[in-house]
$ cat upload.txt   # compact mmCIF, N, CA and C atoms
# COMPACT_ATOMS: atom_id res chain seq x y z
N MET M 1 -38.21 3.34 22.33
CA MET M 1 -37.88 3.47 20.93
C MET M 1 -36.45 3.96 20.75
N SER M 2 -36.01 4.90 21.56
CA SER M 2 -34.65 5.40 21.42
C SER M 2 -33.63 4.31 21.76
N GLU M 3 -33.99 3.39 22.69
CA GLU M 3 -33.08 2.28 23.00
C GLU M 3 -32.86 1.41 21.77
N HIS M 4 -33.95 1.14 21.05
CA HIS M 4 -33.87 0.31 19.86
C HIS M 4 -32.99 0.97 18.79
N THR M 5 -33.14 2.28 18.60
CA THR M 5 -32.34 3.01 17.62
C THR M 5 -30.87 2.97 18.00
N THR M 6 -30.57 3.17 19.27
CA THR M 6 -29.19 3.13 19.74
C THR M 6 -28.60 1.75 19.52
N ASP M 7 -29.38 0.71 19.85
CA ASP M 7 -28.89 -0.65 19.67
C ASP M 7 -28.60 -0.94 18.20
N MET M 8 -29.46 -0.43 17.31
CA MET M 8 -29.26 -0.67 15.89
C MET M 8 -27.98 0.00 15.40
N SER M 9 -27.73 1.26 15.81
CA SER M 9 -26.53 1.95 15.34
C SER M 9 -25.28 1.31 15.92
N GLU M 10 -25.36 0.85 17.17
CA GLU M 10 -24.20 0.17 17.75
C GLU M 10 -23.97 -1.15 17.02
N HIS M 11 -25.05 -1.84 16.66
CA HIS M 11 -24.92 -3.11 15.95
C HIS M 11 -24.27 -2.89 14.57
N THR M 12 -24.67 -1.81 13.88
CA THR M 12 -24.10 -1.53 12.57
C THR M 12 -22.61 -1.25 12.68
N ASP M 13 -22.20 -0.40 13.63
CA ASP M 13 -20.79 -0.10 13.80
C ASP M 13 -20.01 -1.35 14.19
N ALA M 14 -20.55 -2.09 15.13
CA ALA M 14 -19.87 -3.30 15.59
C ALA M 14 -19.85 -4.34 14.50
N GLY M 15 -20.94 -4.41 13.70
CA GLY M 15 -21.01 -5.39 12.62
C GLY M 15 -19.92 -5.16 11.59
N GLU M 16 -19.65 -3.89 11.27
CA GLU M 16 -18.60 -3.62 10.30
C GLU M 16 -17.24 -3.99 10.87
N ARG M 17 -17.05 -3.71 12.16
CA ARG M 17 -15.76 -4.01 12.76
C ARG M 17 -15.60 -5.48 13.10
N SER M 18 -16.70 -6.14 13.47
CA SER M 18 -16.58 -7.53 13.88
C SER M 18 -16.69 -8.49 12.70
N GLY M 19 -16.89 -7.95 11.48
CA GLY M 19 -16.93 -8.79 10.29
C GLY M 19 -15.55 -9.39 10.04
N PHE M 20 -15.30 -9.78 8.85
CA PHE M 20 -14.04 -10.39 8.49
C PHE M 20 -12.89 -9.45 8.77
N ASP M 21 -11.87 -9.93 9.44
CA ASP M 21 -10.70 -9.14 9.78
C ASP M 21 -9.70 -9.21 8.63
N LEU M 22 -9.42 -8.09 8.00
CA LEU M 22 -8.52 -8.06 6.85
C LEU M 22 -7.10 -8.44 7.22
N GLY M 23 -6.75 -8.33 8.49
CA GLY M 23 -5.39 -8.63 8.93
C GLY M 23 -5.20 -10.06 9.38
N GLN M 24 -6.13 -10.94 9.09
CA GLN M 24 -6.01 -12.35 9.49
C GLN M 24 -5.74 -13.22 8.26
N GLY M 25 -5.25 -14.42 8.48
CA GLY M 25 -4.97 -15.36 7.39
C GLY M 25 -3.95 -14.76 6.44
N PRO M 26 -4.21 -14.86 5.13
CA PRO M 26 -3.28 -14.29 4.15
C PRO M 26 -3.12 -12.77 4.34
N GLY M 27 -4.15 -12.15 4.89
CA GLY M 27 -4.07 -10.72 5.16
C GLY M 27 -2.97 -10.37 6.14
N ARG M 28 -2.66 -11.28 7.04
CA ARG M 28 -1.58 -11.06 8.01
C ARG M 28 -0.25 -10.92 7.27
N LEU M 29 -0.02 -11.77 6.26
CA LEU M 29 1.20 -11.68 5.46
C LEU M 29 1.23 -10.36 4.70
N LEU M 30 0.09 -9.95 4.16
CA LEU M 30 0.02 -8.67 3.45
C LEU M 30 0.33 -7.51 4.39
N VAL M 31 -0.23 -7.56 5.61
CA VAL M 31 0.06 -6.51 6.60
C VAL M 31 1.55 -6.47 6.88
N TRP M 32 2.15 -7.63 7.07
CA TRP M 32 3.57 -7.70 7.37
C TRP M 32 4.39 -7.13 6.21
N LEU M 33 4.10 -7.58 4.98
CA LEU M 33 4.85 -7.10 3.82
C LEU M 33 4.68 -5.60 3.61
N TYR M 34 3.44 -5.13 3.71
CA TYR M 34 3.23 -3.69 3.54
C TYR M 34 3.90 -2.90 4.66
N GLY M 35 3.90 -3.44 5.86
CA GLY M 35 4.60 -2.78 6.97
C GLY M 35 6.10 -2.69 6.71
N VAL M 36 6.69 -3.77 6.25
CA VAL M 36 8.12 -3.79 5.93
C VAL M 36 8.42 -2.80 4.81
N PHE M 37 7.58 -2.79 3.78
CA PHE M 37 7.80 -1.87 2.67
C PHE M 37 7.58 -0.42 3.08
N THR M 38 6.70 -0.17 4.02
CA THR M 38 6.52 1.19 4.53
C THR M 38 7.81 1.67 5.17
N VAL M 39 8.35 0.84 6.06
CA VAL M 39 9.58 1.21 6.77
C VAL M 39 10.74 1.33 5.78
N ALA M 40 10.86 0.38 4.86
CA ALA M 40 11.97 0.39 3.90
C ALA M 40 11.92 1.63 3.00
N ALA M 41 10.75 1.91 2.43
CA ALA M 41 10.63 3.05 1.51
C ALA M 41 10.79 4.37 2.25
N ALA M 42 10.20 4.47 3.44
CA ALA M 42 10.32 5.71 4.22
C ALA M 42 11.77 5.93 4.65
N SER M 43 12.40 4.90 5.16
CA SER M 43 13.79 5.02 5.61
C SER M 43 14.70 5.40 4.45
N ARG M 44 14.53 4.70 3.36
CA ARG M 44 15.35 4.96 2.18
C ARG M 44 15.20 6.41 1.73
N SER M 45 13.96 6.86 1.58
CA SER M 45 13.74 8.22 1.07
C SER M 45 14.23 9.28 2.05
N ILE M 46 14.02 9.06 3.33
CA ILE M 46 14.48 10.05 4.33
C ILE M 46 15.99 10.18 4.30
N VAL M 47 16.67 9.04 4.33
CA VAL M 47 18.14 9.07 4.31
C VAL M 47 18.64 9.71 3.01
N GLN M 48 18.07 9.33 1.89
CA GLN M 48 18.50 9.89 0.61
C GLN M 48 18.24 11.39 0.52
N MET M 49 17.09 11.83 1.04
CA MET M 49 16.78 13.26 0.99
C MET M 49 17.70 14.06 1.90
N ILE M 50 18.06 13.50 3.04
CA ILE M 50 18.95 14.20 3.96
C ILE M 50 20.38 14.23 3.42
N MET M 51 20.83 13.10 2.90
CA MET M 51 22.22 12.96 2.49
C MET M 51 22.52 13.65 1.15
N ASP M 52 21.62 13.57 0.19
CA ASP M 52 21.98 14.05 -1.14
C ASP M 52 20.73 14.34 -1.98
N PHE M 53 19.86 15.19 -1.49
CA PHE M 53 18.59 15.46 -2.18
C PHE M 53 18.80 15.96 -3.60
N GLY M 54 19.79 16.79 -3.81
CA GLY M 54 20.03 17.39 -5.12
C GLY M 54 20.42 16.39 -6.20
N ARG M 55 20.91 15.24 -5.81
CA ARG M 55 21.36 14.24 -6.78
C ARG M 55 20.21 13.65 -7.59
N ALA M 56 19.10 13.29 -6.91
CA ALA M 56 17.97 12.67 -7.61
C ALA M 56 16.67 12.98 -6.87
N PRO M 57 16.28 14.25 -6.86
CA PRO M 57 15.08 14.61 -6.09
C PRO M 57 13.82 13.88 -6.51
N LEU M 58 13.64 13.66 -7.81
CA LEU M 58 12.45 12.96 -8.29
C LEU M 58 12.39 11.54 -7.73
N ALA M 59 13.48 10.83 -7.79
CA ALA M 59 13.52 9.46 -7.28
C ALA M 59 13.23 9.42 -5.78
N TYR M 60 13.79 10.35 -5.04
CA TYR M 60 13.63 10.34 -3.59
C TYR M 60 12.20 10.72 -3.18
N VAL M 61 11.62 11.65 -3.88
CA VAL M 61 10.23 12.04 -3.60
C VAL M 61 9.27 10.90 -3.97
N LEU M 62 9.55 10.22 -5.08
CA LEU M 62 8.70 9.09 -5.46
C LEU M 62 8.80 7.95 -4.45
N SER M 63 9.98 7.72 -3.89
CA SER M 63 10.13 6.70 -2.84
C SER M 63 9.34 7.11 -1.60
N ALA M 64 9.36 8.40 -1.27
CA ALA M 64 8.58 8.87 -0.12
C ALA M 64 7.08 8.71 -0.39
N ALA M 65 6.65 8.99 -1.61
CA ALA M 65 5.24 8.80 -1.96
C ALA M 65 4.85 7.33 -1.86
N ALA M 66 5.73 6.45 -2.29
CA ALA M 66 5.48 5.01 -2.17
C ALA M 66 5.31 4.63 -0.70
N ALA M 67 6.13 5.19 0.16
CA ALA M 67 6.04 4.90 1.59
C ALA M 67 4.68 5.32 2.15
N VAL M 68 4.17 6.46 1.73
CA VAL M 68 2.87 6.94 2.18
C VAL M 68 1.76 5.99 1.72
N VAL M 69 1.83 5.56 0.47
CA VAL M 69 0.84 4.62 -0.07
C VAL M 69 0.90 3.31 0.72
N TYR M 70 2.11 2.79 0.94
CA TYR M 70 2.27 1.55 1.69
C TYR M 70 1.71 1.69 3.10
N ALA M 71 1.98 2.82 3.74
CA ALA M 71 1.50 3.04 5.11
C ALA M 71 -0.03 3.06 5.15
N PHE M 72 -0.65 3.70 4.19
CA PHE M 72 -2.11 3.77 4.18
C PHE M 72 -2.72 2.39 3.95
N ILE M 73 -2.11 1.60 3.06
CA ILE M 73 -2.62 0.26 2.82
C ILE M 73 -2.46 -0.59 4.09
N THR M 74 -1.31 -0.48 4.74
CA THR M 74 -1.08 -1.21 5.99
C THR M 74 -2.15 -0.85 7.02
N TYR M 75 -2.39 0.44 7.18
CA TYR M 75 -3.39 0.91 8.13
C TYR M 75 -4.77 0.36 7.78
N SER M 76 -5.12 0.41 6.50
CA SER M 76 -6.44 -0.08 6.07
C SER M 76 -6.61 -1.56 6.36
N LEU M 77 -5.58 -2.34 6.09
CA LEU M 77 -5.65 -3.78 6.34
C LEU M 77 -5.79 -4.08 7.83
N VAL M 78 -5.08 -3.33 8.65
CA VAL M 78 -5.16 -3.54 10.10
C VAL M 78 -6.52 -3.09 10.63
N ARG M 79 -7.02 -1.99 10.11
CA ARG M 79 -8.30 -1.44 10.58
C ARG M 79 -9.45 -2.39 10.28
N GLY M 80 -9.48 -2.93 9.08
CA GLY M 80 -10.55 -3.86 8.71
C GLY M 80 -11.87 -3.17 8.47
N GLY M 81 -12.86 -3.93 8.07
CA GLY M 81 -14.19 -3.39 7.78
C GLY M 81 -14.36 -3.07 6.31
N GLY M 82 -15.59 -2.76 5.95
CA GLY M 82 -15.94 -2.50 4.55
C GLY M 82 -15.27 -1.28 3.96
N ARG M 83 -15.26 -0.19 4.69
CA ARG M 83 -14.61 1.02 4.19
C ARG M 83 -13.12 0.82 4.01
N ALA M 84 -12.51 0.16 4.97
CA ALA M 84 -11.07 -0.09 4.89
C ALA M 84 -10.75 -0.99 3.70
N ARG M 85 -11.59 -1.96 3.45
CA ARG M 85 -11.40 -2.85 2.29
C ARG M 85 -11.43 -2.03 1.00
N ARG M 86 -12.43 -1.17 0.86
CA ARG M 86 -12.54 -0.34 -0.34
C ARG M 86 -11.35 0.61 -0.46
N ALA M 87 -10.95 1.21 0.65
CA ALA M 87 -9.80 2.13 0.63
C ALA M 87 -8.53 1.38 0.24
N ALA M 88 -8.35 0.19 0.79
CA ALA M 88 -7.17 -0.61 0.45
C ALA M 88 -7.17 -0.99 -1.02
N LEU M 89 -8.34 -1.35 -1.56
CA LEU M 89 -8.43 -1.69 -2.99
C LEU M 89 -8.05 -0.50 -3.87
N VAL M 90 -8.57 0.68 -3.53
CA VAL M 90 -8.26 1.88 -4.30
C VAL M 90 -6.76 2.19 -4.22
N CYS M 91 -6.20 2.09 -3.02
CA CYS M 91 -4.77 2.38 -2.85
C CYS M 91 -3.89 1.34 -3.54
N CYS M 92 -4.30 0.08 -3.51
CA CYS M 92 -3.53 -0.96 -4.22
C CYS M 92 -3.56 -0.70 -5.73
N ALA M 93 -4.71 -0.27 -6.25
CA ALA M 93 -4.80 0.06 -7.67
C ALA M 93 -3.91 1.25 -7.99
N ALA M 94 -3.92 2.27 -7.13
CA ALA M 94 -3.04 3.43 -7.33
C ALA M 94 -1.58 3.02 -7.25
N GLU M 95 -1.27 2.13 -6.31
CA GLU M 95 0.09 1.62 -6.19
C GLU M 95 0.52 0.92 -7.47
N LEU M 96 -0.34 0.06 -8.01
CA LEU M 96 -0.01 -0.66 -9.23
C LEU M 96 0.21 0.30 -10.39
N VAL M 97 -0.64 1.30 -10.50
CA VAL M 97 -0.46 2.32 -11.55
C VAL M 97 0.89 3.03 -11.36
N GLY M 98 1.22 3.34 -10.12
CA GLY M 98 2.51 3.99 -9.83
C GLY M 98 3.69 3.11 -10.20
N VAL M 99 3.63 1.85 -9.83
CA VAL M 99 4.73 0.92 -10.13
C VAL M 99 4.91 0.77 -11.64
N VAL M 100 3.80 0.60 -12.35
CA VAL M 100 3.88 0.43 -13.81
C VAL M 100 4.37 1.72 -14.47
N THR M 101 3.86 2.85 -14.03
CA THR M 101 4.26 4.14 -14.61
C THR M 101 5.74 4.42 -14.35
N VAL M 102 6.15 4.35 -13.09
CA VAL M 102 7.53 4.64 -12.74
C VAL M 102 8.47 3.58 -13.33
N GLY M 103 8.04 2.31 -13.28
CA GLY M 103 8.86 1.24 -13.85
C GLY M 103 9.11 1.46 -15.33
N THR M 104 8.08 1.82 -16.07
CA THR M 104 8.22 2.08 -17.50
C THR M 104 9.07 3.33 -17.75
N TRP M 105 8.82 4.37 -16.95
CA TRP M 105 9.56 5.62 -17.08
C TRP M 105 11.05 5.39 -16.86
N THR M 106 11.41 4.60 -15.85
CA THR M 106 12.82 4.35 -15.56
C THR M 106 13.49 3.55 -16.68
N LEU M 107 12.72 2.73 -17.38
CA LEU M 107 13.29 1.98 -18.50
C LEU M 107 13.43 2.84 -19.75
N LEU M 108 12.43 3.71 -20.00
CA LEU M 108 12.44 4.53 -21.20
C LEU M 108 13.36 5.74 -21.10
N GLU M 109 13.48 6.29 -19.90
CA GLU M 109 14.29 7.49 -19.70
C GLU M 109 15.13 7.37 -18.42
N PRO M 110 16.12 6.49 -18.43
CA PRO M 110 16.93 6.26 -17.24
C PRO M 110 17.67 7.50 -16.75
N SER M 111 17.93 8.45 -17.64
CA SER M 111 18.64 9.66 -17.23
C SER M 111 17.82 10.51 -16.26
N ALA M 112 16.51 10.32 -16.24
CA ALA M 112 15.66 11.07 -15.31
C ALA M 112 15.80 10.54 -13.89
N PHE M 113 16.42 9.37 -13.75
CA PHE M 113 16.56 8.73 -12.44
C PHE M 113 18.01 8.36 -12.18
N PRO M 114 18.83 9.34 -11.74
CA PRO M 114 20.22 9.02 -11.45
C PRO M 114 20.36 8.05 -10.26
N ASP M 115 19.32 7.92 -9.50
CA ASP M 115 19.29 6.95 -8.41
C ASP M 115 17.93 6.26 -8.47
N ALA M 116 17.87 5.02 -8.00
CA ALA M 116 16.65 4.23 -8.11
C ALA M 116 15.59 4.65 -7.10
N THR M 117 14.35 4.37 -7.44
CA THR M 117 13.23 4.50 -6.52
C THR M 117 12.81 3.09 -6.12
N VAL M 118 11.88 3.00 -5.20
CA VAL M 118 11.34 1.71 -4.80
C VAL M 118 10.69 1.03 -6.01
N TRP M 119 10.11 1.83 -6.90
CA TRP M 119 9.36 1.29 -8.03
C TRP M 119 10.17 1.25 -9.32
N SER M 120 11.45 1.62 -9.29
CA SER M 120 12.29 1.58 -10.49
C SER M 120 12.32 0.18 -11.07
N ASP M 121 12.29 0.12 -12.40
CA ASP M 121 12.35 -1.17 -13.09
C ASP M 121 11.35 -2.17 -12.53
N TYR M 122 10.16 -1.66 -12.20
CA TYR M 122 9.06 -2.48 -11.67
C TYR M 122 9.41 -3.13 -10.34
N GLY M 123 10.29 -2.48 -9.58
CA GLY M 123 10.66 -3.02 -8.27
C GLY M 123 11.74 -4.07 -8.32
N MET M 124 12.55 -4.06 -9.38
CA MET M 124 13.59 -5.07 -9.52
C MET M 124 14.54 -5.09 -8.32
N GLY M 125 14.84 -3.93 -7.76
CA GLY M 125 15.72 -3.86 -6.59
C GLY M 125 15.12 -4.51 -5.35
N TYR M 126 13.82 -4.76 -5.39
CA TYR M 126 13.11 -5.41 -4.28
C TYR M 126 12.49 -6.72 -4.75
N LEU M 127 13.19 -7.40 -5.67
CA LEU M 127 12.77 -8.72 -6.16
C LEU M 127 11.39 -8.70 -6.83
N PHE M 128 11.03 -7.57 -7.42
CA PHE M 128 9.75 -7.37 -8.12
C PHE M 128 8.54 -7.46 -7.19
N ILE M 129 8.77 -7.46 -5.90
CA ILE M 129 7.65 -7.49 -4.96
C ILE M 129 6.73 -6.28 -5.14
N PRO M 130 7.28 -5.07 -5.41
CA PRO M 130 6.38 -3.93 -5.59
C PRO M 130 5.36 -4.07 -6.72
N VAL M 131 5.63 -4.88 -7.72
CA VAL M 131 4.65 -5.05 -8.80
C VAL M 131 3.72 -6.23 -8.50
N VAL M 132 4.20 -7.22 -7.77
CA VAL M 132 3.39 -8.39 -7.45
C VAL M 132 2.47 -8.13 -6.26
N LEU M 133 2.95 -7.36 -5.30
CA LEU M 133 2.20 -7.14 -4.06
C LEU M 133 0.83 -6.51 -4.27
N PRO M 134 0.70 -5.42 -5.03
CA PRO M 134 -0.65 -4.84 -5.18
C PRO M 134 -1.62 -5.76 -5.91
N VAL M 135 -1.11 -6.52 -6.88
CA VAL M 135 -1.98 -7.46 -7.60
C VAL M 135 -2.47 -8.54 -6.65
N THR M 136 -1.54 -9.09 -5.87
CA THR M 136 -1.90 -10.12 -4.88
C THR M 136 -2.90 -9.57 -3.86
N ALA M 137 -2.63 -8.38 -3.38
CA ALA M 137 -3.53 -7.77 -2.38
C ALA M 137 -4.92 -7.53 -2.96
N MET M 138 -5.00 -7.03 -4.19
CA MET M 138 -6.32 -6.78 -4.79
C MET M 138 -7.08 -8.09 -5.00
N VAL M 139 -6.40 -9.12 -5.45
CA VAL M 139 -7.07 -10.42 -5.62
C VAL M 139 -7.58 -10.91 -4.28
N TRP M 140 -6.74 -10.84 -3.25
CA TRP M 140 -7.16 -11.32 -1.93
C TRP M 140 -8.30 -10.47 -1.36
N LEU M 141 -8.21 -9.16 -1.49
CA LEU M 141 -9.27 -8.28 -0.96
C LEU M 141 -10.60 -8.53 -1.65
N ARG M 142 -10.58 -8.88 -2.92
CA ARG M 142 -11.82 -9.15 -3.65
C ARG M 142 -12.40 -10.52 -3.35
N ARG M 143 -11.53 -11.49 -3.02
CA ARG M 143 -11.98 -12.86 -2.79
C ARG M 143 -12.26 -13.18 -1.33
N ALA M 144 -11.64 -12.45 -0.42
CA ALA M 144 -11.80 -12.73 1.01
C ALA M 144 -13.26 -12.54 1.42
N PRO M 145 -13.71 -13.29 2.43
CA PRO M 145 -15.10 -13.14 2.90
C PRO M 145 -15.39 -11.69 3.28
N ARG M 146 -16.61 -11.29 3.04
CA ARG M 146 -16.97 -9.89 3.35
C ARG M 146 -17.71 -9.81 4.64

$ encode --input "upload.txt" --output "structure tokens"
Amino acid sequence: MSEHTTDMSEHTDAGERSGFDLGQGPGRLLVWLYGVFTVAAASRSIVQMIMDFGRAPLAYVLSAAAAVVYAFITYSLVRGGGRARRAALVCCAAELVGVVTVGTWTLLEPSAFPDATVWSDYGMGYLFIPVVLPVTAMVWLRRAPR
């Protein structure tokens, strides 16, 4: 009986991992884009904080926060499985809220941002990818096989 229980728990763990791989197909492009944005946002914020933190601390901290969100989404997509899918969906929704909030804030009160963030003007400095990426990722995560 204990063998059967062990086999069942191993099957459940393996089943979640051996299910649809979030990092395959279109997910591979999402992993790549989120990976690039993780490095870009982290690098940008680190350099800006080291070189001139006092100039625009809010912008630099928001860029660092964006990098953390991007990194978590990248990790979730690579990890795969049901929990990772749900975590990625939640983080993509949070990312979209952040992009819309910061994008609107930078347009309404530009003086609060003497330097741009990754999400300034809805990601205009990054070809609007920051506003399109979470929407695309959420659509794909909801439609991809489970």

$ atom_distance --input "upload.txt" --atom1 "CA of Ala88 in chain M" --atom2 "CA of Gln48 in chain M"
27.7 Å

$ select_by_dssp --input "upload.txt" --residues "range 16-124 of chain M" --states "helix (DSSP H, G or I)" --output "ChimeraX atom specification"
/M:16-18,26-55,57-79,82-108,110-112,120-124

$ closest_residue --input "upload.txt" --among "M:Thr38, M:Thr117, M:Thr106, M:Ser43" --to "Val69 in chain M" --atoms "all atoms listed in the file"
M:Thr38

$ closest_residue --input "upload.txt" --among "M:Val31, M:Pro130, M:Val61, M:Phe37" --to "Met49 in chain M" --atoms "only N, CA and C atoms"
M:Val61

$ atom_distance --input "upload.txt" --atom1 "CA of Ala87 in chain M" --atom2 "CA of Tyr75 in chain M"
9.9 Å

$ atom_distance --input "upload.txt" --atom1 "atom C of Val118 in chain M" --atom2 "atom N of Ala59 in chain M"
10.3 Å

$ closest_residue --input "upload.txt" --among "M:Arg79, M:Met51, M:Val99, M:Arg86" --to "Val131 in chain M" --atoms "only C-alpha atoms"
M:Val99

$ axis_aligned_box --input "upload.txt" --around "range 90-106 of chain M" --padding-each-side "4 Å" --output "JSON"
{"center_x": 2.5, "center_y": 2.3, "center_z": -10.3, "size_x": 30.1, "size_y": 14.6, "size_z": 22.9}

$ residues_around --input "upload.txt" --residues "range 52-55 of chain M" --least-positions-apart "2" --cutoff "12 Å" --atoms "only C-alpha atoms" --output "ChimeraX atom specification"
/M:44-50,57-61,111-116

$ write_last_selection --input "upload.txt" --atoms "N, CA and C atoms" --output "PDB file, in the coordinates of the input"
ATOM      1  N   ARG M  44      14.530   4.700   3.360  1.00  0.00           N
ATOM      2  CA  ARG M  44      15.350   4.960   2.180  1.00  0.00           C
ATOM      3  C   ARG M  44      15.200   6.410   1.730  1.00  0.00           C
ATOM      4  N   SER M  45      13.960   6.860   1.580  1.00  0.00           N
ATOM      5  CA  SER M  45      13.740   8.220   1.070  1.00  0.00           C
ATOM      6  C   SER M  45      14.230   9.280   2.050  1.00  0.00           C
ATOM      7  N   ILE M  46      14.020   9.060   3.330  1.00  0.00           N
ATOM      8  CA  ILE M  46      14.480  10.050   4.330  1.00  0.00           C
ATOM      9  C   ILE M  46      15.990  10.180   4.300  1.00  0.00           C
ATOM     10  N   VAL M  47      16.670   9.040   4.330  1.00  0.00           N
ATOM     11  CA  VAL M  47      18.140   9.070   4.310  1.00  0.00           C
ATOM     12  C   VAL M  47      18.640   9.710   3.010  1.00  0.00           C
ATOM     13  N   GLN M  48      18.070   9.330   1.890  1.00  0.00           N
ATOM     14  CA  GLN M  48      18.500   9.890   0.610  1.00  0.00           C
ATOM     15  C   GLN M  48      18.240  11.390   0.520  1.00  0.00           C
ATOM     16  N   MET M  49      17.090  11.830   1.040  1.00  0.00           N
ATOM     17  CA  MET M  49      16.780  13.260   0.990  1.00  0.00           C
ATOM     18  C   MET M  49      17.700  14.060   1.900  1.00  0.00           C
ATOM     19  N   ILE M  50      18.060  13.500   3.040  1.00  0.00           N
ATOM     20  CA  ILE M  50      18.950  14.200   3.960  1.00  0.00           C
ATOM     21  C   ILE M  50      20.380  14.230   3.420  1.00  0.00           C
ATOM     22  N   PRO M  57      16.280  14.250  -6.860  1.00  0.00           N
ATOM     23  CA  PRO M  57      15.080  14.610  -6.090  1.00  0.00           C
ATOM     24  C   PRO M  57      13.820  13.880  -6.510  1.00  0.00           C
ATOM     25  N   LEU M  58      13.640  13.660  -7.810  1.00  0.00           N
ATOM     26  CA  LEU M  58      12.450  12.960  -8.290  1.00  0.00           C
ATOM     27  C   LEU M  58      12.390  11.540  -7.730  1.00  0.00           C
ATOM     28  N   ALA M  59      13.480  10.830  -7.790  1.00  0.00           N
ATOM     29  CA  ALA M  59      13.520   9.460  -7.280  1.00  0.00           C
ATOM     30  C   ALA M  59      13.230   9.420  -5.780  1.00  0.00           C
ATOM     31  N   TYR M  60      13.790  10.350  -5.040  1.00  0.00           N
ATOM     32  CA  TYR M  60      13.630  10.340  -3.590  1.00  0.00           C
ATOM     33  C   TYR M  60      12.200  10.720  -3.180  1.00  0.00           C
ATOM     34  N   VAL M  61      11.620  11.650  -3.880  1.00  0.00           N
ATOM     35  CA  VAL M  61      10.230  12.040  -3.600  1.00  0.00           C
ATOM     36  C   VAL M  61       9.270  10.900  -3.970  1.00  0.00           C
ATOM     37  N   SER M 111      17.930   8.450 -17.640  1.00  0.00           N
ATOM     38  CA  SER M 111      18.640   9.660 -17.230  1.00  0.00           C
ATOM     39  C   SER M 111      17.820  10.510 -16.260  1.00  0.00           C
ATOM     40  N   ALA M 112      16.510  10.320 -16.240  1.00  0.00           N
ATOM     41  CA  ALA M 112      15.660  11.070 -15.310  1.00  0.00           C
ATOM     42  C   ALA M 112      15.800  10.540 -13.890  1.00  0.00           C
ATOM     43  N   PHE M 113      16.420   9.370 -13.750  1.00  0.00           N
ATOM     44  CA  PHE M 113      16.560   8.730 -12.440  1.00  0.00           C
ATOM     45  C   PHE M 113      18.010   8.360 -12.180  1.00  0.00           C
ATOM     46  N   PRO M 114      18.830   9.340 -11.740  1.00  0.00           N
ATOM     47  CA  PRO M 114      20.220   9.020 -11.450  1.00  0.00           C
ATOM     48  C   PRO M 114      20.360   8.050 -10.260  1.00  0.00           C
ATOM     49  N   ASP M 115      19.320   7.920  -9.500  1.00  0.00           N
ATOM     50  CA  ASP M 115      19.290   6.950  -8.410  1.00  0.00           C
ATOM     51  C   ASP M 115      17.930   6.260  -8.470  1.00  0.00           C
ATOM     52  N   ALA M 116      17.870   5.020  -8.000  1.00  0.00           N
ATOM     53  CA  ALA M 116      16.650   4.230  -8.110  1.00  0.00           C
ATOM     54  C   ALA M 116      15.590   4.650  -7.100  1.00  0.00           C
TER      55      ALA M 116
END

$ residues_around --input "upload.txt" --residues "Tyr122 in chain M" --least-positions-apart "4" --cutoff "8 Å" --atoms "all atoms listed in the file" --output "MDAnalysis selection string"
chainID M and resid 98:107 118 126:132

$ residues_near_point --input "upload.txt" --point "(10.0, 4.1, -2.1)" --cutoff "7 Å" --atoms "all atoms listed in the file" --output "MDAnalysis selection string"
chainID M and resid 40:42 44:45 62:67 117:119

$ decode --input "upload.txt" --residues "range 27-62 of chain M" --atoms "C-alpha atoms" --output "JSON list (two decimals), in the first residue's frame"
[["chain", "number", "residue", "atom", "x", "y", "z"],
["M", 27, "GLY", "CA", 6.45, 30.81, -24.53],
["M", 28, "ARG", "CA", 10.08, 30.61, -25.63],
["M", 29, "LEU", "CA", 9.79, 34.11, -27.15],
["M", 30, "LEU", "CA", 8.16, 35.35, -23.94],
["M", 31, "VAL", "CA", 10.99, 33.84, -21.87],
["M", 32, "TRP", "CA", 13.52, 35.52, -24.12],
["M", 33, "LEU", "CA", 11.78, 38.92, -24.02],
["M", 34, "TYR", "CA", 11.25, 38.81, -20.27],
["M", 35, "GLY", "CA", 14.88, 37.75, -19.81],
["M", 36, "VAL", "CA", 16.10, 40.67, -21.91],
["M", 37, "PHE", "CA", 13.84, 43.08, -20.03],
["M", 38, "THR", "CA", 15.06, 41.71, -16.70],
["M", 39, "VAL", "CA", 18.67, 42.41, -17.65],
["M", 40, "ALA", "CA", 17.84, 45.79, -19.22],
["M", 41, "ALA", "CA", 15.75, 47.08, -16.31],
["M", 42, "ALA", "CA", 18.14, 45.74, -13.66],
["M", 43, "SER", "CA", 21.22, 47.11, -15.42],
["M", 44, "ARG", "CA", 19.61, 50.46, -16.02],
["M", 45, "SER", "CA", 18.43, 50.87, -12.43],
["M", 46, "ILE", "CA", 21.72, 49.70, -10.89],
["M", 47, "VAL", "CA", 23.80, 52.07, -13.01],
["M", 48, "GLN", "CA", 21.42, 54.96, -12.39],
["M", 49, "MET", "CA", 21.31, 54.34, -8.64],
["M", 50, "ILE", "CA", 25.10, 54.15, -8.42],
["M", 51, "MET", "CA", 25.79, 57.13, -10.66],
["M", 52, "ASP", "CA", 23.13, 59.62, -9.60],
["M", 53, "PHE", "CA", 20.52, 58.26, -7.19],
["M", 54, "GLY", "CA", 19.60, 61.70, -5.85],
["M", 55, "ARG", "CA", 18.55, 62.95, -9.29],
["M", 56, "ALA", "CA", 15.48, 60.70, -9.69],
["M", 57, "PRO", "CA", 15.21, 58.14, -6.89],
["M", 58, "LEU", "CA", 11.56, 57.32, -7.63],
["M", 59, "ALA", "CA", 12.27, 56.53, -11.28],
["M", 60, "TYR", "CA", 15.30, 54.39, -10.44],
["M", 61, "VAL", "CA", 13.50, 52.42, -7.73],
["M", 62, "LEU", "CA", 10.54, 51.82, -10.05]]
